[in-house]
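Student: Submitted below is the structure of interest, expressed as structure tokens.
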Amino acid sequence: MPTKKAPKASAPLVASDDRAAFEHFLPLATARVKEGRLPARGAREVSVLRANVERGTRAVLGAKAAILAKQPTADFVAIEELLGLVAALDYAAGRVPVPLADGEVPAALAELRPLRLLGLGQLDVLAGLGLIPADRVAKIREGRGNVDAARDGVSIAGLFAEFEKEIAGKHPFTAEHLETMSRLGNQLVRALQPQGAKAVKEAPAEEALLRDAFYGEVLERYESARELAVVAFGLRDLDENVPLAHARAPKKGKTAKAPDA
């Protein structure tokens with residue numbers, strides 16, 4: 001059975017930062033999640049992988065003329081997007097909520113509460129202008145306590161995202177404010193289990209699924225880049241120029257190990 005090709009971004013990436021890369025390639029990652037095309041192993045060592053992929057991709061692109069001279073049909077489109085994709089992966093990995101230790105809960109609540117109050121106040125204004133449903137804001141305001149405050153953080157950020165087009169330019173909240181609210185809310189919801197609630201095995205969060213989708217896309221494309229690199233560098237010098245995705249620099253007197261297999 002032929003391997004199904006990943007959908008490509010609609011236009012070449014022109015991104016100034018990791019967030020822009022993430023937003024550009026988000027449709028591709030979302031499609032992978034919907035199709036269940038996720039790696040068997042979740043994303044790991046993203047910072048190491050990014051350094052290796054960036055180095056290897058630049059080496060392959062630098063040898064493009066030499067590769068095309070020997071293999072004229074070589075396709076570089078997917079490889080040219082690798083630098084953007086690995087930047088998007090790094091950003092996606094940073095969006096995955098990290099569990100809070102018990103001692104970190106008070107600080108997280110202290111950071112969330114002012115943002116929550118400001119967010120609710122802004123939603124009241126937007127609802128009063130008829131830009132978002134007032135009943136949705138009223139629903140968020142229901143309830144009390146730390147767990148409710150944590151859930152509010154997630155809901156407030158979600159409402160801003162849902163009506164992003166309708167309220168664009170009509171509020172002072174930045175993407176960073178909303179991401180912080182959502183991240184803290186998600187972390188606290190997991191840390192503040194209501195008393196008497198049974199612990200249940202949660203399905204992976206959307207952020208984790210997207211991270212793994214980007215991870216799988218990067219690994220697949222980088223493997224294709226390494227295959228092309230053999231044409232330019234040969235097997236003997238391949239790893240030196242286009243390292244394995246998870247290769248680490250060897251310690252003195254030791255041979256480098258790459259846990260890619």
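Each chain of the structure tokens is named A, B, ... in the order shown, its residues numbered from 1; ligands are numbered from 1 in display order.
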As a ChimeraX atom specification, please: all residues of range 83-169 of chain A that backbone DSSP puts in alpha helix (DSSP H).

Tutor: /A:83-94,105-128,134-141,146-162,164-167

Student: Counting only C-alpha atoms, which of A:Ser47, A:His24, A:Arg41, A:Gly169 gets nearest to Arg248 in chain A?

Tutor: A:Ser47

Student: What lies within 9 Å of range 104-107 of chain A using only C-alpha atoms, ignoring chain neighbours under 6 positions off, as a PyMOL selection string?

Tutor: chain A and resi 187-188+191-192

Student: Quick one: residues within 7 Å of range 89-95 of chain A, only C-alpha atoms, excluding same-chain residues fewer than 5 positions away - as a ChimeraX atom specification?

Tutor: /A:18-19,22,46,207,210-211,214-215

Student: Between A:Ala65, A:Leu26, A:Ala157, A:Leu117, single out the one closest to Ala87 in chain A, counting only C-alpha atoms.

Tutor: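 Using only C-alpha atoms, the shortest distance to Ala87 in chain A belongs to A:Leu26.
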
Student: Pick out the closest residue to Ser224 in chain A from this set: A:Ser182, A:Asn241, A:Thr57, A:Asn52. Count only C-alpha atoms.

Tutor: A:Thr57

Student: Give me the residues near range 139-142 of chain A as number ranges by chain, where near means some atom within 7 Å (using only C-alpha atoms) and where sequence neighbours in that chain fewer than 4 positions away do not count.

Tutor: A: 135, 152, 155

Student: Identify, on the basis of only C-alpha atoms, every residue whose closest approach to range 72-79 of chain A does not exceed 9 Å; exclude the query and any residue fewer than 2 positions from it along the same chain; express the result as a short mmCIF file (atom, residue, chain, number, x, y, z; two decimals) with C-alpha atoms, in the first residue's frame.

Tutor:
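Everything below was put into result02.cif:
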data_model
loop_
_atom_site.label_atom_id
_atom_site.label_comp_id
_atom_site.auth_asym_id
_atom_site.auth_seq_id
_atom_site.Cartn_x
_atom_site.Cartn_y
_atom_site.Cartn_z
CA LYS A 8 1.44 20.70 2.40
CA PRO A 12 5.83 28.97 1.16
CA THR A 57 18.71 20.94 6.64
CA VAL A 60 21.34 19.66 2.43
CA LEU A 61 20.07 22.94 1.00
CA LYS A 64 21.24 21.41 -3.54
CA ILE A 67 22.43 16.82 -5.48
CA LEU A 68 20.42 17.98 -8.50
CA ALA A 69 23.43 17.41 -10.76
CA LYS A 70 23.39 13.72 -9.78
CA GLU A 81 9.94 23.92 4.76
CA LEU A 82 11.80 21.95 7.44
CA LEU A 83 13.30 25.00 9.16
CA ARG A 221 10.78 15.07 6.16
CA TYR A 222 14.19 15.02 7.82
CA SER A 224 13.94 12.26 3.35
CA ALA A 225 16.54 15.02 3.64
CA LEU A 228 19.09 12.97 -0.39
#

Student: Looking at only C-alpha atoms, which of A:Leu244, A:Ile156, A:Gly103, A:Ala51 is the one that sits closest to Leu123 in chain A?

Tutor: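 Answer, going by the shortest atom-to-atom distance: A:Ile156.
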